[in-house]
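Visitor: Supplied structure: upload31.csv, CSV, C-alpha atoms and all ligand atoms.
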chain,number,residue,atom,x,y,z
A,1,MET,CA,-3.7,-139.1,121.5
A,2,ASN,CA,-2.8,-141.1,118.3
A,3,LYS,CA,0.6,-142.0,117.1
A,4,SER,CA,1.6,-143.0,113.6
A,5,ILE,CA,4.8,-143.4,111.6
A,6,ASP,CA,5.4,-141.5,108.3
A,7,ASN,CA,8.2,-143.7,106.8
A,8,ASP,CA,8.8,-141.4,103.8
A,9,LYS,CA,9.6,-138.5,106.0
A,10,ASN,CA,11.1,-140.6,108.7
A,11,THR,CA,9.0,-139.0,111.4
A,12,GLU,CA,6.5,-140.0,114.1
A,13,ILE,CA,3.2,-138.0,114.0
A,14,ILE,CA,1.4,-137.4,117.3
A,15,GLU,CA,-2.3,-136.3,116.8
A,16,ASN,CA,-4.9,-135.1,119.2
A,17,ASN,CA,-7.7,-137.7,119.3
A,18,GLU,CA,-10.7,-135.4,119.4
A,19,ASN,CA,-10.3,-133.4,116.2
A,20,ASN,CA,-7.4,-135.3,114.5
A,21,GLU,CA,-5.4,-132.1,114.6
A,22,LYS,CA,-1.7,-132.8,114.0
A,23,MET,CA,0.1,-131.9,117.2
A,24,GLN,CA,3.7,-132.8,116.8
A,25,THR,CA,6.1,-134.6,114.4
A,26,VAL,CA,9.2,-136.2,115.9
A,27,LYS,CA,12.2,-137.4,113.8
A,28,ILE,CA,12.9,-141.0,114.9
A,29,LYS,CA,16.0,-141.9,112.9
A,30,PRO,CA,18.8,-139.7,111.6
A,31,ASN,CA,19.0,-139.8,107.7
A,32,THR,CA,22.8,-139.6,107.3
A,33,VAL,CA,26.0,-140.7,109.0
A,34,GLU,CA,26.8,-137.0,109.5
A,35,GLU,CA,23.4,-136.4,111.2
A,36,LEU,CA,24.0,-139.4,113.4
A,37,SER,CA,27.5,-138.2,114.6
A,38,LYS,CA,26.1,-134.6,115.1
A,39,ILE,CA,23.4,-136.0,117.4
A,40,LYS,CA,26.0,-138.2,119.2
A,41,GLU,CA,28.2,-135.1,119.8
A,42,GLU,CA,25.3,-133.1,121.1
A,43,ILE,CA,24.4,-135.8,123.5
A,44,LYS,CA,28.0,-136.2,124.6
A,45,SER,CA,28.4,-132.5,125.3
A,46,SER,CA,25.1,-132.2,127.1
A,47,LEU,CA,26.3,-135.1,129.4
A,48,LYS,CA,29.9,-133.8,129.9
A,49,GLU,CA,30.7,-132.5,133.3
A,50,GLU,CA,33.8,-130.5,134.0
A,51,ILE,CA,35.4,-131.6,137.2
A,52,ASN,CA,37.6,-129.1,139.1
A,53,VAL,CA,39.5,-130.2,142.2
A,54,ILE,CA,40.8,-127.6,144.6
A,55,TYR,CA,43.5,-128.9,147.0
A,56,TYR,CA,44.1,-126.5,149.8
A,57,PHE,CA,46.2,-126.1,152.9
A,58,SER,CA,45.3,-123.5,155.5
A,59,GLY,CA,46.3,-122.7,159.1
A,60,THR,CA,44.2,-119.6,159.8
A,61,GLY,CA,41.5,-119.7,157.2
A,62,ASN,CA,42.8,-117.4,154.5
A,63,SER,CA,43.6,-120.1,151.9
A,64,TYR,CA,40.5,-122.0,152.9
A,65,TYR,CA,38.4,-118.9,152.4
A,66,VAL,CA,39.8,-118.4,148.9
A,67,ALA,CA,39.2,-122.1,148.1
A,68,ARG,CA,35.6,-122.0,149.4
A,69,GLU,CA,34.7,-118.8,147.5
A,70,LEU,CA,36.5,-119.8,144.3
A,71,ALA,CA,34.5,-123.1,144.3
A,72,LYS,CA,31.3,-121.1,144.4
A,73,VAL,CA,32.5,-119.0,141.3
A,74,LEU,CA,33.6,-122.1,139.4
A,75,SER,CA,30.4,-124.1,140.2
A,76,ASN,CA,28.3,-121.3,138.6
A,77,ASN,CA,27.4,-121.8,135.0
A,78,ASN,CA,30.6,-121.6,132.9
A,79,GLY,CA,28.8,-120.0,130.0
A,80,LYS,CA,29.5,-123.0,127.7
A,81,GLY,CA,26.5,-124.9,128.9
A,82,THR,CA,28.8,-127.5,130.4
A,83,LYS,CA,28.1,-128.6,134.0
A,84,THR,CA,30.8,-127.9,136.4
A,85,ASN,CA,31.5,-129.8,139.6
A,86,THR,CA,34.1,-128.4,142.0
A,87,LYS,CA,35.4,-130.3,144.9
A,88,ILE,CA,37.4,-128.9,147.8
A,89,ILE,CA,39.9,-131.3,149.2
A,90,PRO,CA,42.1,-130.6,152.3
A,91,ILE,CA,45.7,-131.5,151.7
A,92,ALA,CA,46.2,-132.2,155.4
A,93,ASN,CA,43.7,-135.0,155.2
A,94,GLU,CA,44.3,-136.3,151.7
A,95,ILE,CA,48.1,-136.7,152.3
A,96,LYS,CA,47.3,-139.5,154.8
A,97,LYS,CA,46.2,-141.8,152.0
A,98,GLU,CA,48.6,-144.4,150.7
A,99,GLN,CA,47.8,-143.6,147.0
A,100,ILE,CA,46.7,-140.1,146.0
A,101,THR,CA,45.2,-140.0,142.5
A,102,CYS,CA,43.2,-137.2,140.8
A,103,GLY,CA,41.3,-137.6,137.5
A,104,SER,CA,39.9,-134.1,137.2
A,105,ASP,CA,40.0,-131.7,134.3
A,106,ARG,CA,41.5,-128.9,136.4
A,107,ILE,CA,43.6,-129.1,139.6
A,108,ILE,CA,44.0,-125.9,141.7
A,109,PHE,CA,46.4,-125.8,144.6
A,110,ILE,CA,45.7,-123.1,147.1
A,111,TYR,CA,48.1,-122.5,150.0
A,112,PRO,CA,49.8,-119.8,152.2
A,113,VAL,CA,53.3,-118.5,151.4
A,114,TYR,CA,55.8,-119.5,154.1
A,115,GLY,CA,59.3,-118.0,154.0
A,116,PHE,CA,58.8,-116.9,150.3
A,117,GLY,CA,58.0,-120.5,149.4
A,118,VAL,CA,55.5,-123.3,149.4
A,119,PRO,CA,54.6,-125.0,152.7
A,120,GLU,CA,56.5,-128.2,153.1
A,121,ILE,CA,53.3,-130.3,153.3
A,122,VAL,CA,52.1,-128.8,149.9
A,123,GLU,CA,55.4,-129.6,148.3
A,124,SER,CA,55.3,-133.3,149.6
A,125,PHE,CA,51.7,-133.5,148.5
A,126,ILE,CA,52.4,-132.4,144.9
A,127,LYS,CA,55.3,-134.9,144.7
A,128,ARG,CA,53.0,-137.7,145.7
A,129,LEU,CA,49.9,-136.8,143.6
A,130,ASN,CA,49.2,-139.0,140.6
A,131,MET,CA,47.5,-136.8,138.0
A,132,GLU,CA,45.4,-138.5,135.3
A,133,ARG,CA,43.7,-137.0,132.2
A,134,ASN,CA,46.4,-134.3,131.6
A,135,PRO,CA,44.6,-131.7,133.8
A,136,LYS,CA,45.0,-127.9,133.6
A,137,ILE,CA,46.9,-127.0,136.8
A,138,TYR,CA,46.8,-123.8,138.7
A,139,SER,CA,48.7,-122.4,141.7
A,140,ILE,CA,47.1,-119.9,144.0
A,141,ALA,CA,49.2,-118.5,146.8
A,142,THR,CA,47.7,-116.4,149.6
A,143,CYS,CA,50.3,-114.1,151.3
A,144,GLY,CA,50.8,-111.1,153.5
A,145,LYS,CA,52.7,-109.0,151.0
A,146,MET,CA,55.4,-110.8,149.1
A,147,ALA,CA,54.9,-114.3,147.7
A,148,GLY,CA,58.4,-114.9,146.4
A,149,GLY,CA,58.8,-117.4,143.5
A,150,VAL,CA,56.2,-119.8,144.7
A,151,HIS,CA,54.6,-120.5,141.3
A,152,CYS,CA,57.9,-121.3,139.7
A,153,GLN,CA,58.5,-123.6,142.6
A,154,VAL,CA,55.2,-125.4,142.0
A,155,ASP,CA,55.9,-125.5,138.2
A,156,LYS,CA,59.3,-127.1,138.9
A,157,LEU,CA,57.7,-129.8,141.1
A,158,LEU,CA,55.1,-130.4,138.3
A,159,LYS,CA,57.7,-130.6,135.6
A,160,GLU,CA,59.4,-133.4,137.5
A,161,LYS,CA,56.1,-135.3,137.0
A,162,LYS,CA,55.8,-134.4,133.3
A,163,GLN,CA,53.1,-131.8,134.0
A,164,GLN,CA,53.2,-128.0,134.0
A,165,LEU,CA,51.4,-125.1,135.5
A,166,ASN,CA,48.7,-123.4,133.4
A,167,ALA,CA,48.8,-120.3,135.5
A,168,GLY,CA,49.9,-119.0,138.9
A,169,TYR,CA,48.1,-116.3,140.9
A,170,THR,CA,48.7,-114.5,144.1
A,171,VAL,CA,46.1,-113.1,146.5
A,172,GLN,CA,47.2,-110.6,149.2
A,173,MET,CA,45.5,-111.2,152.5
A,174,PRO,CA,46.0,-110.2,156.1
A,175,SER,CA,49.2,-111.7,157.4
A,176,ASN,CA,49.0,-114.4,160.1
A,177,TYR,CA,52.7,-114.3,160.9
A,178,ILE,CA,52.2,-113.4,164.5
A,179,LEU,CA,55.9,-114.0,165.3
A,180,ALA,CA,56.6,-110.7,163.5
A,181,PHE,CA,53.3,-108.9,162.8
A,182,SER,CA,50.1,-108.0,164.7
A,183,ALA,CA,46.8,-108.6,162.9
A,184,PRO,CA,45.7,-105.5,160.9
A,185,SER,CA,42.9,-103.3,162.3
A,186,GLN,CA,39.3,-104.6,161.9
A,187,SER,CA,38.6,-102.1,159.2
A,188,LYS,CA,41.7,-103.0,157.3
A,189,ILE,CA,40.9,-106.7,157.5
A,190,ILE,CA,37.4,-105.9,156.0
A,191,GLU,CA,39.0,-103.8,153.3
A,192,ILE,CA,41.5,-106.6,152.4
A,193,LEU,CA,38.9,-109.3,152.4
A,194,ASP,CA,36.5,-107.3,150.2
A,195,ASP,CA,39.4,-107.0,147.7
A,196,THR,CA,39.9,-110.7,148.0
A,197,ASP,CA,36.3,-111.3,147.0
A,198,ILE,CA,36.8,-109.2,143.8
A,199,ARG,CA,40.1,-111.0,143.1
A,200,VAL,CA,38.6,-114.4,143.6
A,201,LYS,CA,35.8,-113.7,141.0
A,202,GLU,CA,38.4,-112.4,138.6
A,203,LEU,CA,40.5,-115.6,139.1
A,204,GLY,CA,37.4,-117.8,138.7
A,205,ASN,CA,36.7,-116.2,135.3
A,206,LEU,CA,40.4,-116.6,134.2
A,207,ILE,CA,40.4,-120.2,135.3
A,208,GLN,CA,37.1,-121.0,133.5
A,209,SER,CA,38.4,-119.5,130.3
A,210,ASN,CA,41.6,-121.6,130.7
A,211,GLU,CA,43.7,-118.4,130.6
A,212,LYS,CA,47.5,-119.1,130.8
A,213,ASN,CA,50.1,-116.9,132.4
A,214,ASN,CA,53.7,-117.8,131.8
A,215,ALA,CA,55.4,-114.9,133.5
A,216,MET,CA,54.4,-116.1,136.9
A,217,ASP,CA,57.1,-114.7,139.2
A,218,SER,CA,59.5,-111.8,138.9
A,219,ILE,CA,63.3,-112.3,139.0
A,220,ILE,CA,63.4,-110.5,142.4
A,221,ALA,CA,60.7,-112.9,143.7
A,222,LYS,CA,62.7,-115.9,142.6
A,223,ILE,CA,65.9,-114.5,144.2
A,224,SER,CA,64.1,-114.0,147.5
A,225,THR,CA,62.9,-117.6,147.5
A,226,GLY,CA,66.4,-118.8,146.7
A,227,ALA,CA,67.8,-116.7,149.6
A,228,PHE,CA,65.2,-117.3,152.3
A,229,TYR,CA,63.2,-120.5,151.7
A,230,PRO,CA,66.1,-123.0,152.3
A,231,PHE,CA,66.7,-121.4,155.8
A,232,TRP,CA,63.0,-121.5,156.6
A,233,LYS,CA,62.7,-125.1,155.7
A,234,LYS,CA,65.9,-126.1,157.6
A,235,SER,CA,64.5,-124.7,160.8
A,236,LEU,CA,60.9,-126.1,160.3
A,237,TYR,CA,61.3,-129.4,162.1
A,238,LYS,CA,62.7,-127.7,165.2
A,239,PHE,CA,60.2,-124.8,165.2
A,240,ASP,CA,57.8,-126.2,167.7
A,241,GLU,CA,60.5,-126.7,170.4
A,242,LYS,CA,60.1,-123.0,171.2
A,243,PHE,CA,56.3,-123.0,171.9
A,244,LYS,CA,55.6,-122.3,175.6
A,245,ILE,CA,52.3,-122.9,177.3
A,246,SER,CA,51.3,-120.6,180.1
A,247,LYS,CA,49.3,-121.3,183.2
A,248,ALA,CA,46.3,-119.7,181.4
A,249,CYS,CA,45.7,-123.1,179.6
A,250,ASN,CA,42.3,-124.6,180.5
A,251,LEU,CA,42.8,-127.8,178.5
A,252,CYS,CA,39.9,-126.8,176.1
A,253,GLU,CA,41.6,-128.9,173.3
A,254,ASN,CA,41.1,-126.3,170.7
A,255,CYS,CA,44.8,-126.5,169.7
A,256,VAL,CA,44.6,-130.3,169.3
A,257,GLU,CA,41.6,-129.9,167.0
A,258,ILE,CA,42.8,-127.0,164.9
A,259,CYS,CA,46.3,-128.4,164.2
A,260,PRO,CA,46.0,-129.6,160.6
A,261,VAL,CA,48.8,-132.1,161.1
A,262,SER,CA,47.9,-133.5,164.5
A,263,ASN,CA,51.0,-132.2,166.1
A,264,ILE,CA,49.5,-131.4,169.5
A,265,GLU,CA,48.5,-133.9,172.2
A,266,ILE,CA,47.2,-133.6,175.7
A,267,VAL,CA,49.0,-136.0,178.1
A,268,ASP,CA,46.6,-138.2,180.0
A,269,ASN,CA,48.0,-137.4,183.5
A,270,GLU,CA,45.9,-135.3,185.8
A,271,LYS,CA,48.7,-135.0,188.3
A,272,LEU,CA,50.5,-132.6,185.9
A,273,GLU,CA,49.7,-128.9,185.6
A,274,ASN,CA,47.5,-128.1,182.7
A,275,ASN,CA,50.3,-126.3,180.8
A,276,ASP,CA,52.6,-129.3,181.2
A,277,ARG,CA,50.1,-131.6,179.6
A,278,ILE,CA,50.3,-129.9,176.2
A,279,ILE,CA,52.9,-131.7,174.0
A,280,TYR,CA,54.1,-130.7,170.6
A,281,LYS,CA,55.3,-133.7,168.5
A,282,HIS,CA,57.8,-132.0,166.2
A,283,LYS,CA,56.0,-132.3,162.9
A,284,CYS,CA,54.8,-128.7,162.9
A,285,GLN,CA,54.1,-126.9,159.6
A,286,GLU,CA,54.3,-123.5,161.2
A,287,CYS,CA,50.8,-122.7,160.2
A,288,MET,CA,50.1,-120.5,163.3
A,289,GLY,CA,46.6,-122.1,163.8
A,290,CYS,CA,47.1,-123.1,167.4
A,291,ILE,CA,48.7,-119.9,168.6
A,292,GLN,CA,46.2,-117.7,166.7
A,293,THR,CA,43.1,-119.5,168.0
A,294,CYS,CA,43.9,-120.4,171.6
A,295,PRO,CA,41.0,-118.9,173.5
A,296,THR,CA,43.1,-118.0,176.6
A,297,ARG,CA,46.2,-116.9,174.6
A,298,ALA,CA,48.1,-119.5,176.6
A,299,ILE,CA,50.4,-120.5,173.6
A,300,ILE,CA,53.3,-118.2,173.4
A,301,TYR,CA,56.2,-118.0,170.9
A,302,GLY,CA,58.9,-115.3,171.5
A,303,SER,CA,57.0,-112.0,171.9
A,304,SER,CA,53.8,-113.2,170.2
A,305,ALA,CA,51.7,-112.5,173.3
A,306,LYS,CA,52.2,-108.7,172.7
A,307,ARG,CA,50.6,-109.0,169.3
A,308,LYS,CA,47.0,-109.0,168.2
A,309,SER,CA,45.9,-112.4,167.0
A,310,TYR,CA,44.4,-113.1,163.5
A,311,PHE,CA,42.0,-115.7,162.2
A,312,ASN,CA,40.0,-115.1,159.0
A,313,PRO,CA,36.8,-113.6,160.3
A,314,ARG,CA,34.7,-114.9,157.4
A,315,VAL,CA,35.5,-118.5,158.4
A,316,GLU,CA,34.3,-120.1,161.6
A,317,ILE,CA,37.1,-121.9,163.5
A,318,ASN,CA,35.0,-125.1,163.6
A,319,GLU,CA,34.3,-124.8,159.9
A,320,LEU,CA,38.1,-125.0,159.2
A,321,ILE,CA,38.5,-127.8,161.7
A,322,GLU,CA,35.8,-129.8,159.9
A,323,ALA,CA,37.0,-128.9,156.4
A,324,ASN,CA,40.6,-129.9,157.3
A,325,LYS,CA,39.4,-133.3,158.5
A,326,GLY,CA,37.4,-133.8,155.2
A,327,ILE,CA,34.1,-133.7,157.1
A,328,ILE,CA,32.5,-131.0,154.9
A,329,ASN,CA,32.8,-129.9,151.3
A,330,GLN,CA,33.1,-133.6,150.1
A,401,LIG,C1,55.6,-119.4,158.8
A,401,LIG,C2,55.0,-118.3,158.0
A,401,LIG,C3,55.7,-117.7,157.0
A,401,LIG,C4,55.2,-116.7,156.2
A,401,LIG,N1,55.9,-116.1,155.2
A,401,LIG,C5,55.4,-115.2,154.4
A,401,LIG,C6,56.1,-114.7,153.3
A,401,LIG,O1,57.2,-115.0,153.0
A,401,LIG,N2,55.5,-113.7,152.6
A,401,LIG,C7,54.3,-113.2,152.8
A,401,LIG,O2,53.8,-112.3,152.1
A,401,LIG,N3,53.5,-113.8,153.8
A,401,LIG,C8,54.0,-114.7,154.6
A,401,LIG,N4,53.2,-115.3,155.6
A,401,LIG,C9,51.8,-114.9,155.7
A,401,LIG,C10,50.9,-115.9,155.1
A,401,LIG,O3,51.3,-116.4,153.9
A,401,LIG,C11,49.5,-115.4,154.9
A,401,LIG,O4,48.9,-114.7,156.0
A,401,LIG,C12,48.5,-116.4,154.5
A,401,LIG,O5,47.4,-115.9,153.8
A,401,LIG,C13,48.0,-117.3,155.6
A,401,LIG,O6,47.1,-118.3,155.1
A,401,LIG,P1,46.2,-119.3,155.9
A,401,LIG,O7,45.3,-118.4,156.8
A,401,LIG,O8,45.4,-120.0,154.9
A,401,LIG,O9,47.1,-120.1,156.7
A,401,LIG,C14,53.8,-116.3,156.4
A,401,LIG,C15,53.1,-116.9,157.4
A,401,LIG,C16,53.6,-117.9,158.2
A,401,LIG,C17,52.8,-118.6,159.2
A,402,LIG,S1,44.0,-124.1,173.0
A,402,LIG,FE1,45.1,-123.0,174.6
A,402,LIG,S2,43.8,-123.3,176.4
A,402,LIG,FE2,43.1,-124.8,174.9
A,402,LIG,S3,44.2,-126.6,175.4
A,402,LIG,FE3,45.4,-125.6,173.8
A,402,LIG,S4,46.8,-124.3,175.0
A,402,LIG,FE4,45.3,-124.9,176.4
A,403,LIG,S1,51.5,-127.1,166.0
A,403,LIG,FE1,50.4,-125.2,165.7
A,403,LIG,S2,51.7,-124.1,164.3
A,403,LIG,FE2,52.3,-126.2,164.2
A,403,LIG,S3,51.1,-127.1,162.5
A,403,LIG,FE3,50.0,-127.5,164.4
A,403,LIG,S4,48.6,-125.8,164.6
A,403,LIG,FE4,50.1,-125.2,163.1
Let me see whether you can do it: turn the structure in this file into structure tokens.
Ligand SMILES: Cc1cc2nc3c(=O)[nH]c(=O)nc-3n(C[C@H](O)[C@H](O)[C@H](O)COP(=O)(O)O)c2cc1C
Ligand code: SF4
Ligand code: SF4

Guide:
Amino acid sequence: MNKSIDNDKNTEIIENNENNEKMQTVKIKPNTVEELSKIKEEIKSSLKEEINVIYYFSGTGNSYYVARELAKVLSNNNGKGTKTNTKIIPIANEIKKEQITCGSDRIIFIYPVYGFGVPEIVESFIKRLNMERNPKIYSIATCGKMAGGVHCQVDKLLKEKKQQLNAGYTVQMPSNYILAFSAPSQSKIIEILDDTDIRVKELGNLIQSNEKNNAMDSIIAKISTGAFYPFWKKSLYKFDEKFKISKACNLCENCVEICPVSNIEIVDNEKLENNDRIIYKHKCQECMGCIQTCPTRAIIYGSSAKRKSYFNPRVEINELIEANKGIINQ
């Protein structure tokens, strides 16, 4: 293989040694300033990586499921040839940091609706999050039936930080509110989750194309939030006083592990009955994780024991435990 430079044409000529046949000519310098800046732009865009961060909170797997599946959609090629990197970060773990900063291109909050509003932990997290780079911000609420004015609530929190929501979307999922509802039948759950899969793909495409939606919540939705959310929030910190643990408790520690806010402890005193060793520490978020996943149904709240329990069947309990601790998806 021979190499030579043709200065007139500003090219490098590569020839095959055996028959001097010209193999390839390569331009070695751009001729004009325009050409140079075009090359620079091409290199820059081929190196650019879009970074999406999904911050989620989830007690029984629904919002985590949406986060996990949406990350898959967003990480597929976005059609513009730009690489996309999507991280899933658990709010329950991230909020423990002293400083919370995010420098991504897009931020997506995914959370369950509680009392027609945003979970308290999500609200506190948004207040503390420092957002760099002017990201495009999305709110995705999972709910049983009625989300209330959650997206306007998130938008208001963002405006206080000189940011705003690009779009807010709602995904209807099986309700985990066992204090009032039983889990739907198996076939209904499958039907709802199949619809969720379709909805998540749709949302992924909307987010990738930076689609905006300004009319996020209806007037009625906002009124229901105004009417119910303050009451829900007021009772939140006393909520766990009403949990009762039955003699069925076998100290398996599942409740300690699943609680996203480390609100449950097992007292180190073997002289006590098992059920007297479970302590709730009054920082409950009302996520229902403990009550829905206790393997012996020993955790009781009002008439919850009469109802069928729910945990998203497409998420392993251990997967959510590990994800919430930031052990996976990092
Ligand atoms: C305390 C509490 C309040 C809830 N309030 C509402 C509500 O106002 N509207 C609604 O449609 N669903 C409501 N739900 C149902 C959840 O929003 C829904 O099942 C959600 O998908 C659960 O998400 P997760 O599995 O990620 O925790 C509530 C659930 C709980 C635990
Ligand atoms: S999950 Fe249920 S059985 Fe296990 S320690 Fe907690 S209350 Fe007891
Ligand atoms: S104590 Fe139970 S309901 Fe409360 S935050 Fe922990 S897991 Fe959720």

Visitor: Around the point (57.5, -125.0, 164.2) (coordinates from the file), which residues reach within 8 Å if we count all atoms listed in the file? Answer as number ranges by chain.

Guide: A: 235-242, 282-286

Visitor: Could you build a table of the residues in segment 47-71 of chain A lying no more than 10 Å from segment 120-137 of chain A, giving for each the nearest pair of atoms and their separation in Å rounded to one decimal place, using all atoms listed in the file, ordered by chain and ascending residue number, as CSV?

Guide:
residue,atom,partner,partner_atom,distance
A:Ile51,CA,A:Pro135,CA,9.8
A:Asn52,CA,A:Pro135,CA,9.2
A:Val53,CA,A:Ile137,CA,9.7
A:Ile54,CA,A:Ile137,CA,9.9
A:Tyr55,CA,A:Val122,CA,9.1
A:Tyr56,CA,A:Val122,CA,8.3
A:Phe57,CA,A:Val122,CA,7.1

Visitor: Could you list, as a ChimeraX atom specification, all protein and nucleic acid residues with an atom at most 10 Å from ligand LIG 402 (chain A), counting only C-alpha atoms and all ligand atoms?

Guide: /A:244-258,264-266,274-279,289-300

Visitor: Report as a PyMOL selection string which protein, DNA and RNA residues come within 7 Å of ligand LIG 401 (chain A), using only C-alpha atoms and all ligand atoms.

Guide: chain A and resi 57-64+111-117+142-148+173-177+286-288+311-312

Visitor: For the atom pair atom CA of Val200 of chain A and atom CA of Val118 of chain A, what is the interatomic distance in Å to one decimal place?

Guide: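 Separation between atom CA of Val200 of chain A and atom CA of Val118 of chain A: 20.0 Å.
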
Visitor: Looking at A:Val261, A:Leu203, A:Cys102, A:Leu320, which one is nearest to ligand LIG 403 (chain A), with distances taken over all atoms listed in the file?

Guide: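 When distances to ligand LIG 403 (chain A) are compared using all atoms listed in the file, the smallest one comes from A:Val261.
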
Visitor: List as number ranges by chain the protein and nucleic acid residues near segment 178-180 of chain A, meaning an atom at most 9 Å away when only C-alpha atoms are counted, but skip any in the same chain fewer than 5 places from it.

Guide: A: 288, 291-292, 301-305, 307-310

Visitor: Counting only C-alpha atoms, which residue out of A:Glu50, A:Glu94, A:Asp105, A:Glu270 sits closest to Tyr138 of chain A?

Guide: A:Asp105

Visitor: Give the answer as one residue: which of A:Glu202, A:Asp217, A:Glu211, A:Asp197 has the shortest atom-to-atom distance to Asn166 of chain A, using all atoms listed in the file?

Guide: A:Glu211

Visitor: One decimal, Å: what's the distance from atom FE4 of ligand LIG 403 (chain A) over to atom CA of Ser139 of chain A, could you say?

Guide: 21.6 Å

Visitor: Could you check how far atom CA of Ser185 of chain A sits from atom CA of Cys259 of chain A, in Å to one decimal?

Guide: 25.4 Å

Visitor: Of the residues A:Lys306, A:Ala92, A:Thr225, A:Gln172, which is the one nearest to ligand LIG 403 (chain A), using only C-alpha atoms and all ligand atoms?

Guide: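 Smallest separation from ligand LIG 403 (chain A) among the options: A:Ala92.
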
Visitor: Just checking: using all atoms listed in the file, which residue out of A:Ala183, A:Lys271, A:Cys152, A:Pro119 ends up closest to ligand LIG 403 (chain A)?

Guide: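 Distance minimum relative to ligand LIG 403 (chain A) lands on A:Pro119.
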
Visitor: May I ask which of the residues A:Asn263, A:Thr86, A:Asn324, A:Asn318 is the closest one to ligand LIG 403 (chain A), counting all atoms listed in the file?

Guide: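 Of all the options, A:Asn263 lies closest to ligand LIG 403 (chain A).
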
Visitor: Arg199 of chain A: which residues within 12 Å, counting only C-alpha atoms, same-chain residues fewer than 6 positions away excluded, as JSON, numbers by chain?

Guide: {"A": [66, 69, 70, 73, 140, 142, 169, 170, 171, 172, 173, 192, 193, 205, 206]}
